[in-house]
Amino acid sequence: MSTEVLVIRHAQTFGNVEGLFCGHSETALTPLGIAQAKALGRRLAGVTIDAAISSDLSRAADTARHALANHAIKPAFDRRLREMHYGDWEALPGKDLIERHPEMMQSFFRCEISAPGGESVEELRKRTSAAFHEAVETHRGKTVALVSHGNAIMALLAELLGMPAASTWAFALDNASLTRIQVAGSGRVTVRTMNDHSHIEGVEG
């Protein structure tokens, strides 16, 4: 009996618009982000979802609230689904960091180093995959939604697919996108769709 996991990236935030490294830092959904989350909710209205688990950061929790408005479920919260922690880079503009520390930033994006005082790619992969597998075990044979963040979802996918650390950022995930993962009873993981964002095309805030 297979389990379906709907992995959702949170909708657009002010931090996204400003190009900030918002890992564990809070940043609210923009008006467009709210519209995106509601559009995702309309997309999911006819989909059976048995349970939902969200990062406890407000941008993920608010996305979950809008996206699941047509379902009689309330998401549980799991800190392991949070975005990567960027340490000293938290809430700083990525553009400024690249201008001031170009070599360090290149090494970071190649997954060779962590942000100063921040979390490593390996740590991020381990905690997100642990949350994923626990959700699958708890809701075996059902459909569960996980609401998380861009780099966190990329790390999860890389870990599930057994990709090397250097390939962790080899994905593109839009705000409010939907990635469907099927887990067979044997534990075999199949990514059925990735970064599906057709529901937000033409959406305006």
# chains A, B, ... in the order shown; residues from 1 in each chain; ligands from 1

call {"tool": "select_by_dssp", "arguments": {"residues": "chain A", "states": "alpha helix (DSSP H)", "output": "JSON, numbers by chain"}}
result
{"A": [14, 15, 16, 17, 18, 31, 32, 33, 34, 35, 36, 37, 38, 39, 40, 41, 42, 43, 44, 58, 59, 60, 61, 62, 63, 64, 65, 66, 67, 94, 95, 96, 97, 98, 99, 100, 102, 103, 104, 105, 106, 107, 108, 109, 121, 122, 123, 124, 125, 126, 127, 128, 129, 130, 131, 132, 133, 134, 135, 136, 137, 138, 150, 151, 152, 153, 154, 155, 156, 157, 158, 159, 160]}

call {"tool": "closest_atom_pairs", "arguments": {"of": "range 37-94 of chain A", "to": "range 134-147 of chain A", "cutoff": "10 Å", "atoms": "only C-alpha atoms", "output": "Markdown table"}}
result
| residue | atom | partner | partner_atom | distance |
| --- | --- | --- | --- | --- |
| A:Val47 | CA | A:Thr143 | CA | 9.2 |
| A:Thr48 | CA | A:Thr143 | CA | 7.0 |
| A:Ile49 | CA | A:Thr143 | CA | 5.2 |
| A:Asp50 | CA | A:Thr143 | CA | 5.4 |
| A:Ala51 | CA | A:Val144 | CA | 4.8 |
| A:Ala52 | CA | A:Ala145 | CA | 4.5 |
| A:Ile53 | CA | A:Leu146 | CA | 5.0 |
| A:Ser54 | CA | A:Val147 | CA | 4.5 |
| A:Ser55 | CA | A:Val147 | CA | 6.2 |
| A:Asp56 | CA | A:Val147 | CA | 9.4 |
| A:Arg59 | CA | A:Val147 | CA | 9.6 |
| A:Ala60 | CA | A:Val147 | CA | 5.9 |
| A:Ala61 | CA | A:Val147 | CA | 7.7 |
| A:Asp62 | CA | A:Val147 | CA | 9.8 |
| A:Thr63 | CA | A:Val147 | CA | 7.7 |
| A:Ala64 | CA | A:Val147 | CA | 6.4 |
| A:Ala67 | CA | A:Val147 | CA | 9.7 |
| A:Leu68 | CA | A:Ala145 | CA | 9.3 |
| A:Pro75 | CA | A:Ala145 | CA | 8.6 |
| A:Ala76 | CA | A:Leu146 | CA | 9.6 |
| A:Phe77 | CA | A:Val147 | CA | 9.3 |
| A:Asp78 | CA | A:Leu146 | CA | 9.6 |
| A:Leu81 | CA | A:Val147 | CA | 7.5 |
| A:Arg82 | CA | A:Val147 | CA | 9.2 |

call {"tool": "residues_around", "arguments": {"residues": "range 185-195 of chain A", "least_positions_apart": "2", "cutoff": "9 Å", "atoms": "only C-alpha atoms", "output": "PyMOL selection string"}}
result
chain A and resi 1-3+7-9+140-141+157+160-161+171-183+197

call {"tool": "residues_around", "arguments": {"residues": "Thr30 in chain A", "least_positions_apart": "4", "cutoff": "9 Å", "atoms": "only C-alpha atoms", "output": "tab-separated table (two decimals) with N, CA and C atoms, in the first residue's frame"}}
result
chain	number	residue	atom	x	y	z
A	11	ALA	N	4.14	30.13	0.08
A	11	ALA	CA	3.89	31.16	-0.92
A	11	ALA	C	4.87	32.34	-0.75
A	12	GLN	N	4.78	33.30	-1.68
A	12	GLN	CA	5.73	34.41	-1.69
A	12	GLN	C	5.71	35.22	-0.40
A	13	THR	N	6.90	35.61	0.06
A	13	THR	CA	7.04	36.41	1.27
A	13	THR	C	7.74	37.73	0.94
A	14	PHE	N	7.70	38.64	1.90
A	14	PHE	CA	8.45	39.89	1.74
A	14	PHE	C	9.95	39.61	1.70
A	17	VAL	N	10.85	38.70	-1.85
A	17	VAL	CA	10.87	39.89	-2.71
A	17	VAL	C	12.15	40.69	-2.49
A	34	ILE	N	-0.44	35.52	-0.40
A	34	ILE	CA	-1.74	35.08	0.11
A	34	ILE	C	-2.62	34.60	-1.04
A	35	ALA	N	-2.60	35.35	-2.15
A	35	ALA	CA	-3.38	34.95	-3.33
A	35	ALA	C	-2.87	33.62	-3.88
A	205	GLY	N	-1.83	39.65	-6.72
A	205	GLY	CA	-2.09	39.97	-5.32
A	205	GLY	C	-3.03	41.14	-5.15

call {"tool": "select_by_dssp", "arguments": {"residues": "chain A", "states": "strand (DSSP E)", "output": "number ranges by chain"}}
result
A: 3-9, 51-54, 76-77, 143-148, 178-183, 189-196

call {"tool": "atom_distance", "arguments": {"atom1": "CA of Trp89 in chain A", "atom2": "CA of Pro116 in chain A"}}
result
7.3 Å

call {"tool": "closest_residue", "arguments": {"among": "A:Ile98, A:Met84, A:Cys22, A:Leu44", "to": "Leu156 in chain A", "atoms": "only C-alpha atoms"}}
result
A:Met84

call {"tool": "residues_around", "arguments": {"residues": "Ser167 in chain A", "least_positions_apart": "2", "cutoff": "10 Å", "atoms": "only C-alpha atoms", "output": "count of residues only"}}
result
13

call {"tool": "decode", "arguments": {"residues": "range 1-47 of chain A", "atoms": "N, CA and C atoms", "output": "mmCIF file, in the first residue's frame"}}
result
data_model
loop_
_atom_site.group_PDB
_atom_site.id
_atom_site.type_symbol
_atom_site.label_atom_id
_atom_site.label_comp_id
_atom_site.auth_asym_id
_atom_site.auth_seq_id
_atom_site.Cartn_x
_atom_site.Cartn_y
_atom_site.Cartn_z
ATOM 1 N N MET A 1 0.851 -1.193 0.000
ATOM 2 C CA MET A 1 0.000 0.000 0.000
ATOM 3 C C MET A 1 0.886 1.243 0.000
ATOM 4 N N SER A 2 0.698 2.103 -0.971
ATOM 5 C CA SER A 2 1.558 3.277 -1.085
ATOM 6 C C SER A 2 1.001 4.474 -0.316
ATOM 7 N N THR A 3 1.897 5.375 0.018
ATOM 8 C CA THR A 3 1.552 6.619 0.709
ATOM 9 C C THR A 3 1.913 7.768 -0.207
ATOM 10 N N GLU A 4 1.018 8.728 -0.330
ATOM 11 C CA GLU A 4 1.297 9.896 -1.166
ATOM 12 C C GLU A 4 1.598 11.094 -0.288
ATOM 13 N N VAL A 5 2.688 11.769 -0.601
ATOM 14 C CA VAL A 5 3.083 12.962 0.141
ATOM 15 C C VAL A 5 3.048 14.161 -0.801
ATOM 16 N N LEU A 6 2.274 15.162 -0.434
ATOM 17 C CA LEU A 6 2.187 16.402 -1.197
ATOM 18 C C LEU A 6 3.099 17.420 -0.517
ATOM 19 N N VAL A 7 4.209 17.710 -1.137
ATOM 20 C CA VAL A 7 5.186 18.632 -0.542
ATOM 21 C C VAL A 7 4.957 20.020 -1.129
ATOM 22 N N ILE A 8 4.670 20.966 -0.262
ATOM 23 C CA ILE A 8 4.289 22.321 -0.680
ATOM 24 C C ILE A 8 5.340 23.322 -0.203
ATOM 25 N N ARG A 9 5.822 24.148 -1.117
ATOM 26 C CA ARG A 9 6.660 25.272 -0.692
ATOM 27 C C ARG A 9 5.749 26.443 -0.328
ATOM 28 N N HIS A 10 6.111 27.157 0.726
ATOM 29 C CA HIS A 10 5.289 28.299 1.141
ATOM 30 C C HIS A 10 5.173 29.321 0.015
ATOM 31 N N ALA A 11 4.139 30.132 0.084
ATOM 32 C CA ALA A 11 3.892 31.165 -0.917
ATOM 33 C C ALA A 11 4.868 32.338 -0.751
ATOM 34 N N GLN A 12 4.782 33.295 -1.676
ATOM 35 C CA GLN A 12 5.728 34.415 -1.694
ATOM 36 C C GLN A 12 5.711 35.217 -0.396
ATOM 37 N N THR A 13 6.902 35.607 0.063
ATOM 38 C CA THR A 13 7.044 36.411 1.269
ATOM 39 C C THR A 13 7.745 37.726 0.940
ATOM 40 N N PHE A 14 7.704 38.642 1.900
ATOM 41 C CA PHE A 14 8.453 39.890 1.737
ATOM 42 C C PHE A 14 9.951 39.608 1.696
ATOM 43 N N GLY A 15 10.396 38.600 2.427
ATOM 44 C CA GLY A 15 11.803 38.208 2.382
ATOM 45 C C GLY A 15 12.222 37.724 1.010
ATOM 46 N N ASN A 16 11.324 36.998 0.325
ATOM 47 C CA ASN A 16 11.602 36.565 -1.043
ATOM 48 C C ASN A 16 11.766 37.773 -1.959
ATOM 49 N N VAL A 17 10.847 38.702 -1.853
ATOM 50 C CA VAL A 17 10.868 39.888 -2.708
ATOM 51 C C VAL A 17 12.146 40.692 -2.488
ATOM 52 N N GLU A 18 12.582 40.776 -1.230
ATOM 53 C CA GLU A 18 13.755 41.572 -0.888
ATOM 54 C C GLU A 18 15.059 40.790 -1.036
ATOM 55 N N GLY A 19 14.974 39.517 -1.374
ATOM 56 C CA GLY A 19 16.179 38.717 -1.572
ATOM 57 C C GLY A 19 16.954 38.440 -0.307
ATOM 58 N N LEU A 20 16.232 38.257 0.810
ATOM 59 C CA LEU A 20 16.887 38.043 2.102
ATOM 60 C C LEU A 20 17.127 36.566 2.377
ATOM 61 N N PHE A 21 18.151 36.292 3.160
ATOM 62 C CA PHE A 21 18.411 34.936 3.639
ATOM 63 C C PHE A 21 17.549 34.702 4.884
ATOM 64 N N CYS A 22 16.289 34.459 4.672
ATOM 65 C CA CYS A 22 15.370 34.215 5.790
ATOM 66 C C CYS A 22 15.278 32.711 6.029
ATOM 67 N N GLY A 23 16.104 32.224 6.911
ATOM 68 C CA GLY A 23 16.059 30.820 7.271
ATOM 69 C C GLY A 23 15.063 30.612 8.388
ATOM 70 N N HIS A 24 15.531 30.766 9.616
ATOM 71 C CA HIS A 24 14.638 30.681 10.765
ATOM 72 C C HIS A 24 14.045 32.041 11.118
ATOM 73 N N SER A 25 14.441 33.085 10.393
ATOM 74 C CA SER A 25 13.878 34.418 10.626
ATOM 75 C C SER A 25 12.461 34.465 10.075
ATOM 76 N N GLU A 26 11.604 35.192 10.753
ATOM 77 C CA GLU A 26 10.221 35.318 10.311
ATOM 78 C C GLU A 26 10.091 36.362 9.200
ATOM 79 N N THR A 27 9.220 36.087 8.267
ATOM 80 C CA THR A 27 8.872 37.022 7.196
ATOM 81 C C THR A 27 7.468 36.667 6.727
ATOM 82 N N ALA A 28 6.631 37.670 6.582
ATOM 83 C CA ALA A 28 5.215 37.433 6.289
ATOM 84 C C ALA A 28 4.957 37.206 4.801
ATOM 85 N N LEU A 29 3.829 36.575 4.508
ATOM 86 C CA LEU A 29 3.384 36.452 3.121
ATOM 87 C C LEU A 29 3.013 37.822 2.573
ATOM 88 N N THR A 30 3.363 38.063 1.324
ATOM 89 C CA THR A 30 2.925 39.276 0.639
ATOM 90 C C THR A 30 1.460 39.115 0.220
ATOM 91 N N PRO A 31 0.795 40.191 -0.201
ATOM 92 C CA PRO A 31 -0.558 40.027 -0.756
ATOM 93 C C PRO A 31 -0.588 39.017 -1.905
ATOM 94 N N LEU A 32 0.438 39.040 -2.761
ATOM 95 C CA LEU A 32 0.516 38.045 -3.826
ATOM 96 C C LEU A 32 0.677 36.652 -3.241
ATOM 97 N N GLY A 33 1.487 36.524 -2.191
ATOM 98 C CA GLY A 33 1.672 35.232 -1.548
ATOM 99 C C GLY A 33 0.371 34.673 -0.997
ATOM 100 N N ILE A 34 -0.436 35.521 -0.402
ATOM 101 C CA ILE A 34 -1.740 35.076 0.114
ATOM 102 C C ILE A 34 -2.616 34.602 -1.038
ATOM 103 N N ALA A 35 -2.596 35.349 -2.152
ATOM 104 C CA ALA A 35 -3.379 34.950 -3.327
ATOM 105 C C ALA A 35 -2.873 33.620 -3.882
ATOM 106 N N GLN A 36 -1.560 33.423 -3.870
ATOM 107 C CA GLN A 36 -0.992 32.152 -4.341
ATOM 108 C C GLN A 36 -1.455 30.986 -3.463
ATOM 109 N N ALA A 37 -1.412 31.186 -2.148
ATOM 110 C CA ALA A 37 -1.816 30.121 -1.225
ATOM 111 C C ALA A 37 -3.293 29.788 -1.397
ATOM 112 N N LYS A 38 -4.109 30.804 -1.625
ATOM 113 C CA LYS A 38 -5.536 30.559 -1.849
ATOM 114 C C LYS A 38 -5.760 29.832 -3.173
ATOM 115 N N ALA A 39 -4.971 30.183 -4.188
ATOM 116 C CA ALA A 39 -5.079 29.487 -5.469
ATOM 117 C C ALA A 39 -4.702 28.020 -5.320
ATOM 118 N N LEU A 40 -3.685 27.748 -4.515
ATOM 119 C CA LEU A 40 -3.312 26.362 -4.224
ATOM 120 C C LEU A 40 -4.459 25.657 -3.505
ATOM 121 N N GLY A 41 -5.133 26.373 -2.620
ATOM 122 C CA GLY A 41 -6.278 25.805 -1.923
ATOM 123 C C GLY A 41 -7.376 25.384 -2.881
ATOM 124 N N ARG A 42 -7.603 26.214 -3.889
ATOM 125 C CA ARG A 42 -8.613 25.853 -4.900
ATOM 126 C C ARG A 42 -8.153 24.628 -5.684
ATOM 127 N N ARG A 43 -6.878 24.563 -5.958
ATOM 128 C CA ARG A 43 -6.328 23.399 -6.685
ATOM 129 C C ARG A 43 -6.510 22.118 -5.877
ATOM 130 N N LEU A 44 -6.354 22.196 -4.578
ATOM 131 C CA LEU A 44 -6.411 21.015 -3.717
ATOM 132 C C LEU A 44 -7.819 20.706 -3.210
ATOM 133 N N ALA A 45 -8.787 21.537 -3.557
ATOM 134 C CA ALA A 45 -10.136 21.390 -2.993
ATOM 135 C C ALA A 45 -10.718 20.004 -3.219
ATOM 136 N N GLY A 46 -10.465 19.411 -4.370
ATOM 137 C CA GLY A 46 -11.035 18.102 -4.670
ATOM 138 C C GLY A 46 -10.115 16.942 -4.373
ATOM 139 N N VAL A 47 -8.986 17.216 -3.731
ATOM 140 C CA VAL A 47 -8.001 16.178 -3.419
ATOM 141 C C VAL A 47 -8.194 15.697 -1.984
#
